[in-house]
>>> print(open('entry29.pdb').read())   # PDB, C-alpha atoms and all ligand atoms
MODEL        1
ATOM      1  CA  MET A 146     -19.467 -15.074  -0.239
ATOM      2  CA  ASP A 147     -18.852 -15.934  -3.911
ATOM      3  CA  GLU A 148     -15.055 -16.190  -4.127
ATOM      4  CA  SER A 149     -15.090 -15.895  -7.917
ATOM      5  CA  ARG A 150     -16.333 -12.306  -7.428
ATOM      6  CA  ILE A 151     -13.227 -11.292  -5.465
ATOM      7  CA  LEU A 152     -10.660  -9.059  -7.207
ATOM      8  CA  ILE A 153      -7.135  -9.348  -5.744
ATOM      9  CA  ILE A 154      -4.953  -6.389  -6.738
ATOM     10  CA  GLY A 155      -1.164  -6.606  -6.319
ATOM     11  CA  SER A 156      -1.206 -10.381  -6.678
ATOM     12  CA  ASN A 157       2.574 -10.805  -7.077
ATOM     13  CA  GLY A 158       3.445  -9.282  -3.714
ATOM     14  CA  GLN A 159       3.947 -11.223  -0.478
ATOM     15  CA  LEU A 160       0.346 -10.786   0.610
ATOM     16  CA  GLY A 161      -1.048 -10.915  -2.918
ATOM     17  CA  LYS A 162       0.447 -14.374  -3.442
ATOM     18  CA  ALA A 163      -1.058 -15.647  -0.181
ATOM     19  CA  LEU A 164      -4.470 -14.195  -1.061
ATOM     20  CA  SER A 165      -4.297 -15.768  -4.526
ATOM     21  CA  ALA A 166      -3.524 -19.152  -2.932
ATOM     22  CA  LYS A 167      -6.458 -18.776  -0.528
ATOM     23  CA  TYR A 168      -8.894 -17.768  -3.268
ATOM     24  CA  PRO A 169      -7.921 -19.728  -6.416
ATOM     25  CA  SER A 170     -11.191 -18.853  -8.152
ATOM     26  CA  ALA A 171     -10.738 -15.111  -7.575
ATOM     27  CA  LEU A 172      -9.493 -12.756 -10.273
ATOM     28  CA  ALA A 173      -5.901 -11.995  -9.267
ATOM     29  CA  VAL A 174      -4.118  -9.153 -11.048
ATOM     30  CA  ASP A 175      -0.858  -7.305 -10.668
ATOM     31  CA  ARG A 176       0.478  -4.114 -12.161
ATOM     32  CA  ASP A 177       0.610  -5.466 -15.746
ATOM     33  CA  LYS A 178      -3.148  -6.183 -15.819
ATOM     34  CA  PHE A 179      -4.384  -3.645 -13.250
ATOM     35  CA  ASP A 180      -2.239  -0.597 -12.572
ATOM     36  CA  ILE A 181      -3.888   1.096  -9.616
ATOM     37  CA  THR A 182      -2.346   4.437 -10.549
ATOM     38  CA  ASP A 183      -4.354   4.472 -13.805
ATOM     39  CA  LYS A 184      -7.416   6.515 -12.847
ATOM     40  CA  ASN A 185      -9.178   6.062 -16.193
ATOM     41  CA  PHE A 186      -8.678   2.300 -16.057
ATOM     42  CA  ILE A 187     -10.269   2.141 -12.590
ATOM     43  CA  LYS A 188     -13.111   4.396 -13.704
ATOM     44  CA  SER A 189     -13.945   2.369 -16.814
ATOM     45  CA  TYR A 190     -13.310  -1.091 -15.257
ATOM     46  CA  ASP A 191     -16.199  -3.578 -15.498
ATOM     47  CA  TRP A 192     -17.069  -3.717 -11.788
ATOM     48  CA  SER A 193     -20.243  -5.740 -12.438
ATOM     49  CA  LYS A 194     -18.231  -8.977 -11.913
ATOM     50  CA  VAL A 195     -16.811  -7.886  -8.540
ATOM     51  CA  ASP A 196     -18.227  -7.921  -4.989
ATOM     52  CA  ILE A 197     -15.016  -7.544  -2.987
ATOM     53  CA  ILE A 198     -11.769  -5.705  -3.786
ATOM     54  CA  LEU A 199      -8.716  -6.963  -1.869
ATOM     55  CA  ASN A 200      -6.021  -4.339  -2.348
ATOM     56  CA  ALA A 201      -2.606  -5.870  -1.669
ATOM     57  CA  ALA A 202      -0.809  -3.457  -4.024
ATOM     58  CA  ALA A 203       1.486  -0.929  -2.408
ATOM     59  CA  TYR A 204       4.759   0.913  -2.699
ATOM     60  CA  THR A 205       6.610  -0.755   0.196
ATOM     61  CA  ASP A 206      10.176   0.552  -0.239
ATOM     62  CA  VAL A 207      10.310   2.575   2.979
ATOM     63  CA  ASP A 208      13.682   4.195   2.214
ATOM     64  CA  GLY A 209      12.992   4.492  -1.530
ATOM     65  CA  ALA A 210       9.990   6.666  -0.650
ATOM     66  CA  GLU A 211      12.422   9.265   0.745
ATOM     67  CA  THR A 212      13.894   9.876  -2.744
ATOM     68  CA  PRO A 213      12.355  12.427  -5.144
ATOM     69  CA  GLU A 214      11.102   9.687  -7.524
ATOM     70  CA  GLY A 215      10.016   7.365  -4.716
ATOM     71  CA  ARG A 216       8.061  10.118  -3.006
ATOM     72  CA  VAL A 217       5.915  10.608  -6.111
ATOM     73  CA  LEU A 218       5.369   6.877  -6.619
ATOM     74  CA  SER A 219       4.592   6.292  -2.976
ATOM     75  CA  TRP A 220       1.924   9.000  -2.970
ATOM     76  CA  GLN A 221       0.451   7.704  -6.249
ATOM     77  CA  ILE A 222       0.319   4.033  -5.220
ATOM     78  CA  ASN A 223      -0.378   4.267  -1.490
ATOM     79  CA  ALA A 224      -2.652   7.286  -1.288
ATOM     80  CA  THR A 225      -4.127   8.533  -4.578
ATOM     81  CA  ALA A 226      -4.819   5.034  -5.960
ATOM     82  CA  PRO A 227      -6.657   3.809  -2.838
ATOM     83  CA  SER A 228      -8.811   6.945  -3.048
ATOM     84  CA  GLN A 229      -9.784   5.895  -6.600
ATOM     85  CA  LEU A 230     -10.546   2.348  -5.409
ATOM     86  CA  ALA A 231     -12.639   3.790  -2.573
ATOM     87  CA  LYS A 232     -14.540   5.893  -5.095
ATOM     88  CA  ALA A 233     -15.207   2.833  -7.273
ATOM     89  CA  ALA A 234     -16.257   0.813  -4.197
ATOM     90  CA  ALA A 235     -18.696   3.541  -3.141
ATOM     91  CA  GLU A 236     -20.150   3.957  -6.646
ATOM     92  CA  HIS A 237     -20.593   0.217  -7.271
ATOM     93  CA  ASP A 238     -21.501  -0.822  -3.709
ATOM     94  CA  LEU A 239     -18.414  -3.037  -3.291
ATOM     95  CA  VAL A 240     -16.506  -4.134  -0.196
ATOM     96  CA  LEU A 241     -12.962  -2.713  -0.180
ATOM     97  CA  ALA A 242     -10.369  -4.429   2.009
ATOM     98  CA  HIS A 243      -7.121  -2.456   2.107
ATOM     99  CA  MET A 244      -3.807  -3.065   3.874
ATOM    100  CA  SER A 245      -2.190  -0.635   6.243
ATOM    101  CA  THR A 246       0.710  -0.598   8.659
ATOM    102  CA  GLU A 247       1.853   0.402  12.123
ATOM    103  CA  TYR A 248       4.042   2.985  10.325
ATOM    104  CA  VAL A 249       0.982   5.275  10.359
ATOM    105  CA  PHE A 250       1.982   5.842  14.011
ATOM    106  CA  ASP A 251       5.168   7.459  15.324
ATOM    107  CA  GLY A 252       5.780   4.504  17.645
ATOM    108  CA  THR A 253       5.945   6.484  20.876
ATOM    109  CA  LYS A 254       3.119   4.400  22.397
ATOM    110  CA  SER A 255       4.229   0.897  23.312
ATOM    111  CA  GLU A 256       1.013  -0.612  21.882
ATOM    112  CA  HIS A 257      -1.231   0.748  19.153
ATOM    113  CA  ASP A 258      -4.982   0.427  19.160
ATOM    114  CA  GLU A 259      -7.152   1.151  16.135
ATOM    115  CA  ASP A 260      -8.217   4.586  17.398
ATOM    116  CA  GLU A 261      -4.773   6.052  18.016
ATOM    117  CA  PRO A 262      -4.465   9.364  16.121
ATOM    118  CA  LEU A 263      -2.330   9.112  12.975
ATOM    119  CA  SER A 264       1.248  10.371  13.434
ATOM    120  CA  PRO A 265       3.333   9.011  10.517
ATOM    121  CA  LEU A 266       7.065   9.769  10.484
ATOM    122  CA  GLY A 267       8.469   9.167   6.976
ATOM    123  CA  VAL A 268       7.101   9.539   3.445
ATOM    124  CA  TYR A 269       5.976   5.880   3.097
ATOM    125  CA  ALA A 270       4.235   6.208   6.455
ATOM    126  CA  GLN A 271       2.558   9.476   5.479
ATOM    127  CA  THR A 272       1.286   8.011   2.217
ATOM    128  CA  LYS A 273      -0.074   4.920   3.970
ATOM    129  CA  ALA A 274      -1.848   7.166   6.491
ATOM    130  CA  ALA A 275      -3.356   9.161   3.620
ATOM    131  CA  GLY A 276      -4.490   5.855   2.057
ATOM    132  CA  ASP A 277      -6.245   4.920   5.296
ATOM    133  CA  ILE A 278      -8.107   8.226   5.326
ATOM    134  CA  ALA A 279      -9.137   7.783   1.677
ATOM    135  CA  VAL A 280     -10.315   4.174   2.069
ATOM    136  CA  GLY A 281     -12.267   5.101   5.202
ATOM    137  CA  VAL A 282     -14.590   7.161   3.015
ATOM    138  CA  ALA A 283     -16.017   4.016   1.349
ATOM    139  CA  SER A 284     -18.847   2.800   3.558
ATOM    140  CA  LYS A 285     -18.060  -0.924   3.090
ATOM    141  CA  HIS A 286     -14.375  -0.879   3.977
ATOM    142  CA  TYR A 287     -11.896  -2.915   5.986
ATOM    143  CA  ILE A 288      -8.542  -1.318   6.762
ATOM    144  CA  LEU A 289      -6.253  -4.071   8.006
ATOM    145  CA  ARG A 290      -3.212  -2.756   9.837
ATOM    146  CA  THR A 291      -0.362  -5.206   9.983
ATOM    147  CA  SER A 292       3.329  -5.191  10.964
ATOM    148  CA  TRP A 293       6.621  -6.873  10.028
ATOM    149  CA  LEU A 294       5.109  -8.970   7.229
ATOM    150  CA  VAL A 295       6.667 -12.313   6.297
ATOM    151  CA  GLY A 296       5.563 -14.310   3.275
ATOM    152  CA  ASP A 297       6.770 -15.374  -0.153
ATOM    153  CA  GLY A 298       9.029 -12.469  -1.099
ATOM    154  CA  PRO A 299      11.876 -10.373   0.241
ATOM    155  CA  ASN A 300      11.526  -9.948   4.020
ATOM    156  CA  PHE A 301      13.629  -9.727   7.200
ATOM    157  CA  VAL A 302      13.488 -13.459   7.973
ATOM    158  CA  ARG A 303      14.721 -14.406   4.503
ATOM    159  CA  THR A 304      17.477 -11.791   4.777
ATOM    160  CA  MET A 305      18.678 -13.323   8.053
ATOM    161  CA  ILE A 306      18.487 -16.878   6.670
ATOM    162  CA  GLY A 307      20.632 -15.630   3.756
ATOM    163  CA  LEU A 308      23.196 -14.094   6.121
ATOM    164  CA  ALA A 309      23.387 -17.344   8.101
ATOM    165  CA  GLN A 310      24.006 -19.274   4.878
ATOM    166  CA  LYS A 311      26.944 -16.917   4.195
ATOM    167  CA  ASN A 312      28.220 -17.389   7.797
ATOM    168  CA  ILE A 313      27.715 -13.692   8.554
ATOM    169  CA  SER A 314      27.176 -12.587  12.166
ATOM    170  CA  PRO A 315      24.992  -9.479  11.851
ATOM    171  CA  ILE A 316      24.607  -6.235  13.821
ATOM    172  CA  VAL A 317      20.868  -5.810  14.437
ATOM    173  CA  VAL A 318      18.784  -3.081  16.089
ATOM    174  CA  ASN A 319      17.424  -3.860  19.523
ATOM    175  CA  ASP A 320      15.178  -0.859  20.085
ATOM    176  CA  GLN A 321      12.480  -1.488  17.455
ATOM    177  CA  ILE A 322       9.985  -3.743  19.179
ATOM    178  CA  GLY A 323       7.130  -5.592  17.513
ATOM    179  CA  ARG A 324       5.668  -8.873  16.324
ATOM    180  CA  LEU A 325       6.068 -10.652  13.023
ATOM    181  CA  THR A 326       2.974 -11.255  10.916
ATOM    182  CA  PHE A 327       2.894 -14.234   8.570
ATOM    183  CA  THR A 328       0.866 -13.943   5.401
ATOM    184  CA  GLY A 329      -0.922 -17.306   5.843
ATOM    185  CA  PRO A 330      -2.614 -16.410   9.143
ATOM    186  CA  LEU A 331      -3.125 -12.822   7.955
ATOM    187  CA  VAL A 332      -5.108 -14.122   4.979
ATOM    188  CA  ASN A 333      -7.126 -16.338   7.344
ATOM    189  CA  ALA A 334      -7.915 -13.232   9.413
ATOM    190  CA  ILE A 335      -9.074 -11.378   6.305
ATOM    191  CA  HIS A 336     -11.215 -14.383   5.314
ATOM    192  CA  HIS A 337     -12.694 -14.497   8.816
ATOM    193  CA  LEU A 338     -13.747 -10.836   8.681
ATOM    194  CA  LEU A 339     -15.205 -11.136   5.176
ATOM    195  CA  SER A 340     -17.002 -14.447   5.596
ATOM    196  CA  ASN A 341     -18.492 -13.475   8.961
ATOM    197  CA  LYS A 342     -19.474 -10.044   7.679
ATOM    198  CA  ALA A 343     -17.678  -8.445  10.634
ATOM    199  CA  PRO A 344     -18.521  -4.771  11.162
ATOM    200  CA  TYR A 345     -16.704  -2.566   8.636
ATOM    201  CA  GLY A 346     -13.828  -0.456   9.902
ATOM    202  CA  THR A 347     -10.176  -0.680  10.904
ATOM    203  CA  TYR A 348      -8.648  -3.827  12.430
ATOM    204  CA  ASN A 349      -5.164  -4.495  13.747
ATOM    205  CA  VAL A 350      -3.949  -7.894  12.558
ATOM    206  CA  SER A 351      -0.597  -9.404  13.527
ATOM    207  CA  ASN A 352       0.541 -12.654  15.049
ATOM    208  CA  CYS A 353       0.278 -12.587  18.820
ATOM    209  CA  GLY A 354       2.880 -13.452  21.468
ATOM    210  CA  GLU A 355       5.536 -11.563  23.366
ATOM    211  CA  PRO A 356       6.788  -8.516  21.396
ATOM    212  CA  ALA A 357      10.509  -8.663  20.584
ATOM    213  CA  SER A 358      13.252  -6.582  19.004
ATOM    214  CA  TRP A 359      14.675  -7.329  15.546
ATOM    215  CA  ALA A 360      17.844  -8.473  17.333
ATOM    216  CA  ASP A 361      15.862 -10.966  19.401
ATOM    217  CA  VAL A 362      13.925 -12.128  16.330
ATOM    218  CA  THR A 363      17.296 -12.799  14.691
ATOM    219  CA  ARG A 364      18.381 -14.877  17.705
ATOM    220  CA  VAL A 365      15.224 -17.000  17.392
ATOM    221  CA  ILE A 366      15.954 -17.471  13.668
ATOM    222  CA  PHE A 367      19.549 -18.541  14.290
ATOM    223  CA  THR A 368      18.522 -20.907  17.099
ATOM    224  CA  GLU A 369      15.949 -22.486  14.822
ATOM    225  CA  LEU A 370      18.578 -22.815  12.090
ATOM    226  CA  LYS A 371      20.870 -24.423  14.701
ATOM    227  CA  ARG A 372      23.444 -21.715  14.024
ATOM    228  CA  ASP A 373      24.435 -20.887  17.589
ATOM    229  CA  ASP A 374      27.947 -20.324  16.219
ATOM    230  CA  LEU A 375      26.728 -16.980  14.775
ATOM    231  CA  GLN A 376      26.681 -13.889  17.014
ATOM    232  CA  VAL A 377      23.971 -11.215  16.950
ATOM    233  CA  THR A 378      25.418  -7.857  18.015
ATOM    234  CA  ASP A 379      22.856  -5.401  19.341
ATOM    235  CA  THR A 380      22.776  -1.771  18.289
ATOM    236  CA  SER A 381      20.307   1.094  18.431
ATOM    237  CA  THR A 382      18.349   2.349  15.422
ATOM    238  CA  ALA A 383      20.073   5.735  15.739
ATOM    239  CA  LYS A 384      23.549   4.181  15.668
ATOM    240  CA  TYR A 385      22.688   1.707  12.903
ATOM    241  CA  PHE A 386      21.538   4.439  10.537
ATOM    242  CA  ALA A 387      23.959   7.196  11.691
ATOM    243  CA  SER A 388      26.302   6.851   8.725
ATOM    244  CA  LYS A 389      23.576   6.091   6.143
ATOM    245  CA  GLU A 390      21.969   8.753   3.921
ATOM    246  CA  GLY A 391      18.280   8.910   2.932
ATOM    247  CA  VAL A 392      16.991   6.484   5.537
ATOM    248  CA  ALA A 393      13.340   6.824   6.574
ATOM    249  CA  PRO A 394      12.574   7.233  10.275
ATOM    250  CA  ARG A 395      11.136   4.078  11.848
ATOM    251  CA  PRO A 396       8.610   3.813  14.697
ATOM    252  CA  LEU A 397      10.284   2.161  17.695
ATOM    253  CA  HIS A 398       7.109   0.489  18.968
ATOM    254  CA  SER A 399       5.283  -1.628  16.388
ATOM    255  CA  SER A 400       3.078  -3.871  18.547
ATOM    256  CA  PHE A 401      -0.658  -3.807  18.107
ATOM    257  CA  ASN A 402      -3.435  -4.202  20.596
ATOM    258  CA  LEU A 403      -5.316  -7.166  19.085
ATOM    259  CA  ASP A 404      -8.494  -7.007  21.203
ATOM    260  CA  LYS A 405     -10.722  -5.813  18.358
ATOM    261  CA  ILE A 406     -10.058  -8.716  15.995
ATOM    262  CA  LYS A 407     -10.169 -11.120  18.953
ATOM    263  CA  SER A 408     -13.643  -9.789  19.799
ATOM    264  CA  THR A 409     -14.825 -10.982  16.361
ATOM    265  CA  GLY A 410     -13.734 -14.526  17.312
ATOM    266  CA  PHE A 411     -10.351 -14.657  15.564
ATOM    267  CA  VAL A 412      -7.029 -15.272  17.307
ATOM    268  CA  MET A 413      -3.739 -15.580  15.472
ATOM    269  CA  ASP A 414      -0.983 -17.921  16.657
ATOM    270  CA  ASP A 415       2.168 -16.867  18.462
ATOM    271  CA  TRP A 416       4.687 -15.367  16.022
ATOM    272  CA  GLN A 417       7.453 -17.667  17.318
ATOM    273  CA  GLU A 418       5.435 -20.785  16.417
ATOM    274  CA  GLU A 419       4.753 -19.421  12.922
ATOM    275  CA  LEU A 420       8.419 -18.447  12.568
ATOM    276  CA  LYS A 421       9.544 -21.992  13.304
ATOM    277  CA  LYS A 422       7.230 -23.374  10.620
ATOM    278  CA  TYR A 423       8.344 -20.697   8.139
ATOM    279  CA  ILE A 424      12.037 -21.455   8.719
ATOM    280  CA  GLN A 425      11.502 -25.163   8.162
ATOM    281  CA  GLU A 426       9.858 -24.324   4.823
ATOM    282  CA  ASN A 427      12.364 -21.641   3.757
ATOM    283  CA  LYS A 428      15.813 -22.654   5.051
TER     284      LYS A 428
HETATM  285  N1  LIG B 501       6.072  -5.748   4.127
HETATM  286  C1  LIG B 501       5.829  -5.373   5.383
HETATM  287  O1  LIG B 501       6.627  -5.585   6.308
HETATM  288  C2  LIG B 501       4.531  -4.680   5.706
HETATM  289  C3  LIG B 501       4.311  -4.279   7.021
HETATM  290  C4  LIG B 501       3.103  -3.657   7.326
HETATM  291  C5  LIG B 501       2.160  -3.446   6.350
HETATM  292  N2  LIG B 501       2.426  -3.814   5.072
HETATM  293  C6  LIG B 501       1.415  -3.545   4.042
HETATM  294  O2  LIG B 501       0.912  -4.797   3.593
HETATM  295  C7  LIG B 501       0.572  -4.705   2.212
HETATM  296  C8  LIG B 501       1.215  -5.831   1.435
HETATM  297  O3  LIG B 501       2.644  -5.753   1.595
HETATM  298  P1  LIG B 501       3.617  -6.756   0.844
HETATM  299  O4  LIG B 501       4.819  -6.939   1.718
HETATM  300  O5  LIG B 501       2.846  -7.932   0.372
HETATM  301  O6  LIG B 501       4.045  -5.857  -0.402
HETATM  302  P2  LIG B 501       4.951  -6.256  -1.632
HETATM  303  O7  LIG B 501       5.467  -7.635  -1.481
HETATM  304  O8  LIG B 501       5.904  -5.125  -1.838
HETATM  305  O9  LIG B 501       3.906  -6.283  -2.838
HETATM  306  C9  LIG B 501       3.308  -5.138  -3.322
HETATM  307  C10 LIG B 501       2.699  -5.481  -4.676
HETATM  308  O10 LIG B 501       2.060  -4.307  -5.171
HETATM  309  C11 LIG B 501       2.345  -4.233  -6.555
HETATM  310  N3  LIG B 501       2.202  -2.901  -7.069
HETATM  311  C12 LIG B 501       3.025  -1.838  -6.890
HETATM  312  N4  LIG B 501       2.584  -0.801  -7.596
HETATM  313  C13 LIG B 501       1.454  -1.189  -8.237
HETATM  314  C14 LIG B 501       0.547  -0.563  -9.112
HETATM  315  N5  LIG B 501       0.723   0.695  -9.514
HETATM  316  N6  LIG B 501      -0.507  -1.267  -9.559
HETATM  317  C15 LIG B 501      -0.679  -2.550  -9.191
HETATM  318  N7  LIG B 501       0.153  -3.217  -8.384
HETATM  319  C16 LIG B 501       1.206  -2.532  -7.898
HETATM  320  C17 LIG B 501       3.774  -4.708  -6.656
HETATM  321  O11 LIG B 501       4.087  -5.010  -7.980
HETATM  322  P3  LIG B 501       5.569  -4.750  -8.538
HETATM  323  O12 LIG B 501       6.390  -5.871  -7.969
HETATM  324  O13 LIG B 501       5.395  -4.781 -10.000
HETATM  325  O14 LIG B 501       6.004  -3.408  -8.009
HETATM  326  C18 LIG B 501       3.739  -5.906  -5.726
HETATM  327  O15 LIG B 501       3.301  -7.061  -6.405
HETATM  328  C19 LIG B 501       0.971  -3.292   1.781
HETATM  329  O16 LIG B 501      -0.168  -2.464   1.828
HETATM  330  C20 LIG B 501       1.965  -2.849   2.814
HETATM  331  O17 LIG B 501       1.988  -1.443   2.959
HETATM  332  C21 LIG B 501       3.589  -4.451   4.724
ENDMDL
END
>>> encode(input="entry29.pdb", output="structure tokens", more="lines below")
Ligand SMILES: NC(=O)c1ccc[n+]([C@@H]2O[C@H](COP(=O)([O-])OP(=O)(O)OC[C@H]3O[C@@H](n4cnc5c(N)ncnc54)[C@H](OP(=O)(O)O)[C@@H]3O)[C@@H](O)[C@H]2O)c1
Amino acid sequence: MDESRILIIGSNGQLGKALSAKYPSALAVDRDKFDITDKNFIKSYDWSKVDIILNAAAYTDVDGAETPEGRVLSWQINATAPSQLAKAAAEHDLVLAHMSTEYVFDGTKSEHDEDEPLSPLGVYAQTKAAGDIAVGVASKHYILRTSWLVGDGPNFVRTMIGLAQKNISPIVVNDQIGRLTFTGPLVNAIHHLLSNKAPYGTYNVSNCGEPASWADVTRVIFTELKRDDLQVTDTSTAKYFASKEGVAPRPLHSSFNLDKIKSTGFVMDDWQEELKKYIQENK
């Protein structure tokens, strides 16, 4: 694999930054240099210098996607644009690796395998599901489904570290259950699939370990920060959002079955071990 022939799109996002660090010789571009909603740009792009497209660009504002403007953007960025990338990949015989999410499922099953039928709840989720369908049309595709992403950017762990620094004891939902995924190991998983030429298709990729609620994740964060003076008060998702307008529905079960990626010879570490390392680097 010639890493200089990798194109990383969405390079300023959490995952994009981690991919750019992994592949310093790749061409890394964000919206200013490569706007994935610009169909003509994608069509006329010089693809002769590219073997692999890593699409880390997305509209990730789950609640913003429920607004009239956000709905349009979310469909453009998460669904229509990936269909254009898939078209380019098919026409130029490129590998397209695209990121997806457990939000493509309604979360009624306690664990999601790759073949579960799509059942997205909110607008973001629906657009990501449409993106999966579009990318699946390119013959050389990887759809990497991940959950609860933590990297260099705004994320739940950083929010909770910020609350601890302000001495705030938060109320946190205890009925959304899942596993954190750290961008470093996620990028290693992507590299593993690409460099070993794993069979094309959809792969679940998250850290492993015992699934936990956001409330329990917060307790681990506060313990690691040695802030046992702060209380975490449990609530349900329904109660937490009851008084808030325009909130997207969330799947309650976010955990993936990881057997498929394991069968390719790749195992990610326990999310609690990764969380400890992340907190030491970000506190
Ligand atoms: N975050 C999570 O918890 C989570 C969970 C599961 C799956 N995922 C998926 O994982 C992937 C990466 O997520 P992330 O957290 O790294 O996202 P992120 O931090 O929000 O980054 C997304 C990047 O995409 C860029 N972008 C947006 N619109 C664009 C456009 N039209 N053209 C080019 N670039 C554009 C953004 O640029 P601007 O800053 O300029 O908008 C940003 O740099 C996404 O596919 C997401 O759906 C995320």
>>> resolve_selection(input="entry29.pdb", expression="the PyMOL selection byres (((chain A and resi 194) around 10) and not hetatm)", output="MDAnalysis selection string")
chainID A and resid 149:152 172 190:193 195:197
>>> residues_around(input="entry29.pdb", residues="range 264-270 of chain A", least_positions_apart="5", cutoff="7 Å", atoms="all atoms listed in the file", output="list of chain:residue names")
A:Val207, A:Ala210, A:Glu211, A:Arg216, A:Ser219, A:Tyr248, A:Val249, A:Phe250, A:Asp251, A:Ala393, A:Pro394
>>> closest_residue(input="entry29.pdb", among="A:Gln425, A:Asn300, A:Ser170, A:Thr378", to="ligand LIG 501 (chain B)", atoms="all atoms listed in the file")
A:Asn300
>>> atom_distance(input="entry29.pdb", atom1="CA of Tyr287 in chain A", atom2="CA of Glu355 in chain A")
26.1 Å
>>> closest_residue(input="entry29.pdb", among="A:Pro169, A:Gly391, A:Gly158, A:Pro330", to="Ala203 in chain A", atoms="all atoms listed in the file")
A:Gly158
>>> axis_aligned_box(input="entry29.pdb", around="range 345-352 of chain A", padding_each_side="3 Å", output="lines of an AutoDock Vina configuration file")
center_x = -8.1
center_y = -6.6
center_z = 11.8
size_x = 23.2
size_y = 18.2
size_z = 12.4
>>> residues_around(input="entry29.pdb", residues="Asn427 in chain A", least_positions_apart="6", cutoff="12 Å", atoms="only C-alpha atoms", output="ChimeraX atom specification")
/A:295-300,302-307,310,366,369-370,420-421
>>> residues_near_ligand(input="entry29.pdb", ligand="ligand LIG 501 (chain B)", cutoff="8 Å", atoms="only C-alpha atoms and all ligand atoms", output="PyMOL selection string")
chain A and resi 154-162+174-183+200-206+221-223+226+243-248+273+290-300
>>> residues_near_point(input="entry29.pdb", point="(18.2, -11.7, 15.2)", cutoff="12 Å", atoms="all atoms listed in the file", output="mmCIF file with C-alpha atoms, in the coordinates of the input")
data_model
loop_
_atom_site.group_PDB
_atom_site.id
_atom_site.type_symbol
_atom_site.label_atom_id
_atom_site.label_comp_id
_atom_site.auth_asym_id
_atom_site.auth_seq_id
_atom_site.Cartn_x
_atom_site.Cartn_y
_atom_site.Cartn_z
ATOM 1 C CA PHE A 301 13.629 -9.727 7.200
ATOM 2 C CA VAL A 302 13.488 -13.459 7.973
ATOM 3 C CA ARG A 303 14.721 -14.406 4.503
ATOM 4 C CA THR A 304 17.477 -11.791 4.777
ATOM 5 C CA MET A 305 18.678 -13.323 8.053
ATOM 6 C CA ILE A 306 18.487 -16.878 6.670
ATOM 7 C CA LEU A 308 23.196 -14.094 6.121
ATOM 8 C CA ALA A 309 23.387 -17.344 8.101
ATOM 9 C CA ILE A 313 27.715 -13.692 8.554
ATOM 10 C CA SER A 314 27.176 -12.587 12.166
ATOM 11 C CA PRO A 315 24.992 -9.479 11.851
ATOM 12 C CA ILE A 316 24.607 -6.235 13.821
ATOM 13 C CA VAL A 317 20.868 -5.810 14.437
ATOM 14 C CA VAL A 318 18.784 -3.081 16.089
ATOM 15 C CA ASN A 319 17.424 -3.860 19.523
ATOM 16 C CA GLN A 321 12.480 -1.488 17.455
ATOM 17 C CA ALA A 357 10.509 -8.663 20.584
ATOM 18 C CA SER A 358 13.252 -6.582 19.004
ATOM 19 C CA TRP A 359 14.675 -7.329 15.546
ATOM 20 C CA ALA A 360 17.844 -8.473 17.333
ATOM 21 C CA ASP A 361 15.862 -10.966 19.401
ATOM 22 C CA VAL A 362 13.925 -12.128 16.330
ATOM 23 C CA THR A 363 17.296 -12.799 14.691
ATOM 24 C CA ARG A 364 18.381 -14.877 17.705
ATOM 25 C CA VAL A 365 15.224 -17.000 17.392
ATOM 26 C CA ILE A 366 15.954 -17.471 13.668
ATOM 27 C CA PHE A 367 19.549 -18.541 14.290
ATOM 28 C CA THR A 368 18.522 -20.907 17.099
ATOM 29 C CA GLU A 369 15.949 -22.486 14.822
ATOM 30 C CA LEU A 370 18.578 -22.815 12.090
ATOM 31 C CA ARG A 372 23.444 -21.715 14.024
ATOM 32 C CA ASP A 373 24.435 -20.887 17.589
ATOM 33 C CA LEU A 375 26.728 -16.980 14.775
ATOM 34 C CA GLN A 376 26.681 -13.889 17.014
ATOM 35 C CA VAL A 377 23.971 -11.215 16.950
ATOM 36 C CA THR A 378 25.418 -7.857 18.015
ATOM 37 C CA ASP A 379 22.856 -5.401 19.341
ATOM 38 C CA THR A 380 22.776 -1.771 18.289
#
>>> closest_residue(input="entry29.pdb", among="A:His337, A:Arg395, A:Lys384, A:Lys371", to="Thr409 in chain A", atoms="all atoms listed in the file")
A:His337
>>> atom_distance(input="entry29.pdb", atom1="CA of Gly281 in chain A", atom2="CA of Gly209 in chain A")
26.1 Å
